[in-house]
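What follows is the content of model22.txt, which has compact mmCIF, C-alpha atoms:
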```txt
# COMPACT_ATOMS: atom_id res chain seq x y z
CA THR A 284 42.84 -139.23 55.23
CA LEU A 285 45.97 -137.18 55.64
CA ASP A 286 49.18 -138.83 56.63
CA ALA A 287 52.55 -137.36 57.61
CA SER A 288 53.67 -137.06 53.97
CA HIS A 289 51.10 -134.28 53.43
CA PHE A 290 52.81 -132.15 56.07
CA TYR A 291 56.41 -132.76 55.08
CA ASP A 292 57.03 -129.30 53.54
CA THR A 293 54.36 -127.46 55.51
CA PRO A 294 56.74 -125.41 57.71
CA HIS A 295 58.62 -124.27 54.60
CA ARG A 296 55.38 -123.38 52.78
CA ILE A 297 54.13 -121.42 55.80
CA ALA A 298 57.38 -119.48 56.10
CA LYS A 299 57.32 -118.69 52.37
CA ALA A 300 53.68 -117.56 52.60
CA TYR A 301 54.38 -115.18 55.48
CA VAL A 302 57.30 -113.61 53.60
CA GLU A 303 54.85 -112.94 50.77
CA TYR A 304 52.17 -111.60 53.14
CA ALA A 305 54.68 -109.07 54.47
CA ARG A 306 56.33 -108.15 51.15
CA GLY A 307 55.28 -104.54 51.66
CA LEU A 308 57.91 -104.20 54.38
CA GLU A 309 60.57 -104.43 51.66
CA VAL A 310 59.07 -101.52 49.69
CA ASP A 311 58.85 -97.83 50.43
CA PRO A 312 55.29 -97.05 49.25
CA ALA A 313 56.32 -93.47 48.45
CA THR A 314 58.51 -94.75 45.58
CA PHE A 315 55.35 -95.42 43.57
CA LEU A 316 54.57 -91.70 43.71
CA GLU A 317 58.01 -90.44 42.62
CA LYS A 318 57.15 -90.09 38.92
CA GLN A 319 54.87 -87.08 38.74
CA PHE A 320 53.46 -85.08 35.87
CA PRO A 321 52.28 -81.48 35.61
CA ALA A 322 48.60 -81.23 36.49
CA ALA A 323 48.09 -79.04 33.40
CA GLY A 324 44.97 -77.42 34.80
CA ALA A 325 43.46 -80.58 36.27
CA ASP A 326 41.86 -79.32 39.47
CA GLU A 327 38.86 -81.56 39.93
CA MET A 328 38.54 -84.76 41.94
CA VAL A 329 40.39 -87.84 40.70
CA HIS A 330 38.68 -90.90 42.18
CA VAL A 331 40.05 -94.44 41.94
CA ARG A 332 37.42 -96.84 43.22
CA SER A 333 37.23 -100.45 44.30
CA ILE A 334 40.93 -101.05 44.87
CA ARG A 335 41.34 -104.56 46.24
CA ILE A 336 42.81 -104.78 49.75
CA ILE A 337 44.43 -107.96 50.99
CA SER A 338 46.28 -107.60 54.26
CA ARG A 339 46.94 -109.45 57.49
CA CYS A 340 45.81 -108.42 60.96
CA ALA A 341 48.75 -107.39 63.14
CA HIS A 342 47.00 -108.81 66.19
CA HIS A 343 46.05 -112.29 64.94
CA PHE A 344 47.76 -112.67 61.52
CA GLU A 345 44.34 -113.43 60.06
CA PRO A 346 43.38 -112.07 56.61
CA ILE A 347 41.82 -108.66 56.10
CA MET A 348 40.10 -108.37 52.73
CA GLY A 349 38.12 -105.57 51.21
CA LYS A 350 38.10 -102.50 49.01
CA ALA A 351 39.61 -99.04 49.10
CA HIS A 352 38.19 -95.94 47.45
CA PHE A 353 40.76 -93.19 47.00
CA ALA A 354 40.41 -89.63 45.72
CA TYR A 355 42.56 -86.54 45.43
CA ILE A 356 42.36 -83.06 44.02
CA PRO A 357 45.58 -82.18 42.19
CA ASN A 358 47.55 -79.10 43.07
CA GLU A 359 50.53 -78.86 40.72
CA GLU A 360 51.27 -82.53 40.05
CA ILE A 361 49.44 -85.76 39.21
CA VAL A 362 50.58 -89.39 39.17
CA GLY A 363 49.81 -92.31 36.90
CA LEU A 364 46.55 -93.86 38.06
CA SER A 365 48.09 -97.32 38.52
CA LYS A 366 50.49 -95.91 41.09
CA ILE A 367 47.69 -95.37 43.61
CA PRO A 368 46.70 -99.07 43.88
CA ARG A 369 50.39 -100.02 43.92
CA MET A 370 51.06 -97.70 46.87
CA ILE A 371 48.00 -99.04 48.72
CA ASP A 372 49.00 -102.65 48.01
CA ALA A 373 52.51 -102.06 49.38
CA LEU A 374 51.04 -100.68 52.60
CA ALA A 375 48.46 -103.48 52.84
CA HIS A 376 51.13 -106.16 52.46
CA ARG A 377 52.38 -105.53 55.96
CA PHE A 378 50.85 -106.76 59.17
CA GLN A 379 48.30 -104.01 59.72
CA VAL A 380 45.38 -102.67 61.63
CA GLN A 381 42.82 -101.08 59.35
CA GLU A 382 42.68 -97.81 61.26
CA LEU A 383 46.41 -97.17 60.76
CA LEU A 384 46.44 -98.40 57.16
CA THR A 385 43.75 -95.86 56.35
CA GLN A 386 45.82 -93.01 57.83
CA GLN A 387 49.07 -94.16 56.20
CA ILE A 388 47.53 -94.11 52.71
CA VAL A 389 46.49 -90.45 52.83
CA ASP A 390 49.50 -89.26 54.83
CA ILE A 391 52.00 -90.67 52.32
CA PHE A 392 50.06 -89.36 49.33
CA GLN A 393 49.60 -85.92 50.89
CA LYS A 394 53.31 -85.69 51.74
CA GLU A 395 54.56 -86.82 48.34
CA LEU A 396 52.23 -84.86 46.03
CA ASN A 397 50.97 -82.02 48.19
CA PRO A 398 47.53 -82.12 46.54
CA LYS A 399 44.75 -79.76 47.57
CA GLY A 400 43.48 -82.76 49.47
CA CYS A 401 43.10 -86.51 49.44
CA ALA A 402 40.74 -89.04 50.95
CA VAL A 403 40.44 -92.78 51.38
CA HIS A 404 37.63 -95.02 52.53
CA LEU A 405 38.27 -98.69 53.37
CA ARG A 406 35.59 -101.33 53.80
CA CYS A 407 37.05 -104.67 54.90
CA TYR A 408 36.20 -108.06 56.31
CA HIS A 409 38.40 -109.19 59.17
CA PHE A 410 38.80 -112.94 59.41
CA CYS A 411 39.75 -112.61 63.08
CA MET A 412 36.16 -111.43 63.65
CA MET A 413 34.63 -113.90 61.20
CA ALA A 414 36.30 -117.17 62.15
CA ARG A 415 37.30 -116.78 65.79
CA GLY A 416 36.23 -114.85 68.85
CA VAL A 417 32.89 -113.22 68.14
CA GLN A 418 32.44 -115.24 64.90
CA GLU A 419 30.53 -112.50 63.12
CA PRO A 420 30.85 -113.47 59.41
CA GLN A 421 28.61 -110.73 57.99
CA SER A 422 30.12 -107.66 59.62
CA PHE A 423 32.74 -105.48 58.00
CA THR A 424 34.69 -102.47 59.16
CA GLU A 425 34.71 -99.08 57.45
CA THR A 426 37.36 -96.43 58.03
CA THR A 427 37.88 -93.06 56.39
CA ALA A 428 40.76 -90.60 56.39
CA LEU A 429 40.49 -87.10 54.96
CA ARG A 430 43.17 -84.48 54.34
CA GLY A 431 43.16 -80.93 52.96
CA VAL A 432 39.95 -79.82 51.26
CA PHE A 433 38.29 -83.18 51.91
CA LYS A 434 38.46 -82.34 55.59
CA SER A 435 37.89 -78.59 55.46
CA GLN A 436 35.20 -78.36 52.76
CA GLU A 437 31.96 -80.16 53.47
CA GLN A 438 30.89 -80.16 49.80
CA THR A 439 34.09 -81.94 48.72
CA ARG A 440 33.78 -84.48 51.54
CA ILE A 441 30.14 -85.17 50.62
CA GLU A 442 31.03 -85.56 46.92
CA PHE A 443 33.67 -88.17 47.78
CA LEU A 444 31.61 -90.14 50.29
CA SER A 445 28.44 -90.13 48.19
CA ALA A 446 30.34 -91.55 45.20
CA ILE A 447 31.07 -94.75 47.14
CA ASP A 448 28.65 -97.53 46.19
CA ARG A 449 27.35 -98.77 49.54
CA ASN A 450 25.86 -101.82 47.84
CA GLU A 451 29.12 -102.96 46.25
CA ARG A 452 30.38 -106.32 47.41
CA VAL A 453 33.24 -105.90 49.84
CA PHE A 454 35.12 -108.92 48.58
CA PRO A 455 35.93 -110.16 46.02
```
Now, as a test, write the supplied structure out as structure tokens.
Amino acid sequence: TLDASHFYDTPHRIAKAYVEYARGLEVDPATFLEKQFPAAGADEMVHVRSIRIISRCAHHFEPIMGKAHFAYIPNEEIVGLSKIPRMIDALAHRFQVQELLTQQIVDIFQKELNPKGCAVHLRCYHFCMMARGVQEPQSFTETTALRGVFKSQEQTRIEFLSAIDRNERVFP
């Protein structure tokens, strides 16, 4: 059984955990995209798949966990591939709603690099739906945001969306 000694530092541990959950508030996600390189003729889709998402729901502070699939078509500049998950992680480590997180990812990337277009698709479990309220442990939420040619050209949009493995595990 648990006695009072087990809870002695609990308030401190909780406070420390929530600072970590919100560490993205201390970071401007655009800084990860500052170092750019000439595209050198690269004008086809760059697709970074299965980027882990760990966030917290702004409404209930419950975990949101899932995967992001991100793609862009370079214009004049490219970025190091690791910078894309870093930018997404910085945005996810804020108290979020998935719909806005999805929009923020493409809006920041589009603004900083001015690619021909970019797209993101998020598929996440929301613990606020799994463990409380409706208690629906199998459902997940999918959101997509498209900019530039991903929005205006059906073929590009189809190429991006069809490359997403619909059978991939959402988490882990």
Per residue of range 378-453 of chain A within 7 Å of range 343-354 of chain A, what are the shortest atom pair and its distance in Å to one decimal, counting all atoms listed in the file, with rows by chain and residue number, as a tab-separated table?
```
residue	atom	partner	partner_atom	distance
A:Cys401	CA	A:Ala354	CA	5.6
A:Ala402	CA	A:Ala354	CA	5.3
A:Val403	CA	A:Phe353	CA	4.4
A:His404	CA	A:His352	CA	5.2
A:Leu405	CA	A:Ala351	CA	4.5
A:Arg406	CA	A:Lys350	CA	5.5
A:Cys407	CA	A:Gly349	CA	3.9
A:Tyr408	CA	A:Met348	CA	5.3
A:His409	CA	A:Ile347	CA	4.6
A:Phe410	CA	A:Pro346	CA	5.4
A:Cys411	CA	A:Glu345	CA	5.6
A:Val453	CA	A:Gly349	CA	5.1
```
Using all atoms listed in the file, find all polymer residues with an atom at most 8 Å away from the point (45.5, -86.6, 49.3); report them as a ChimeraX atom specification.
/A:354-356,389-390,392-393,396-402,429-431
Write out as number ranges by chain the residues lying within 6 Å of range 364-372 of chain A, counting only C-alpha atoms and excluding same-chain residues fewer than 3 positions away.
A: 312, 315, 375
Take the residues from that selection and put them in a file with C-alpha atoms, as a tab-separated table (two decimals), in the coordinates of the input.
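File part05.tsv, as written:
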```
chain	number	residue	atom	x	y	z
A	312	PRO	CA	55.29	-97.05	49.25
A	315	PHE	CA	55.35	-95.42	43.57
A	375	ALA	CA	48.46	-103.48	52.84
```
Counting all atoms listed in the file, which of A:Glu425, A:Thr284, A:Ser338, A:Ala373 gets nearest to Val310 in chain A?
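Of the candidates, the smallest distance to Val310 in chain A is held by A:Ala373.
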Shortest interatomic distance to Ala300 in chain A - which of A:Lys394, A:Lys434, A:His376, A:Arg335, counting all atoms listed in the file:
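For Ala300 in chain A, the nearest of the candidates is A:His376.
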So how far away is CA of Glu309 in chain A from CA of Asp292 in chain A, in Å?
25.2 Å
Using only C-alpha atoms: which of A:Thr439, A:Gln319, A:Thr427, A:Ser445 has the shortest distance to Gln381 in chain A:
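The closest residue to Gln381 in chain A is A:Thr427.
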Proximity to Glu303 in chain A - best of A:Arg415, A:Arg449, A:His330, A:Arg377, all atoms listed in the file
A:Arg377
Under the rule that all atoms listed in the file are counted, which of A:Pro294, A:His342, A:Ser288, A:Met328 is the nearest residue to Phe433 in chain A?
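Comparing A:Pro294, A:His342, A:Ser288, A:Met328 against Phe433 in chain A, the winner is A:Met328.
Interatomic distance, CA of Gln436 in chain A to CA of Val329 in chain A: 16.2 Å.
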Mind giving me the straight-line distance from CA of Asn358 in chain A to CA of Leu384 in chain A in Å, one decimal?
23.9 Å
Between A:Glu395, A:Phe320, A:Arg452, A:Ala446, which has the minimum distance to Phe423 in chain A (counting all atoms listed in the file)?
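Of A:Glu395, A:Phe320, A:Arg452, A:Ala446, the one nearest Phe423 in chain A, counting all atoms listed in the file, is A:Arg452.
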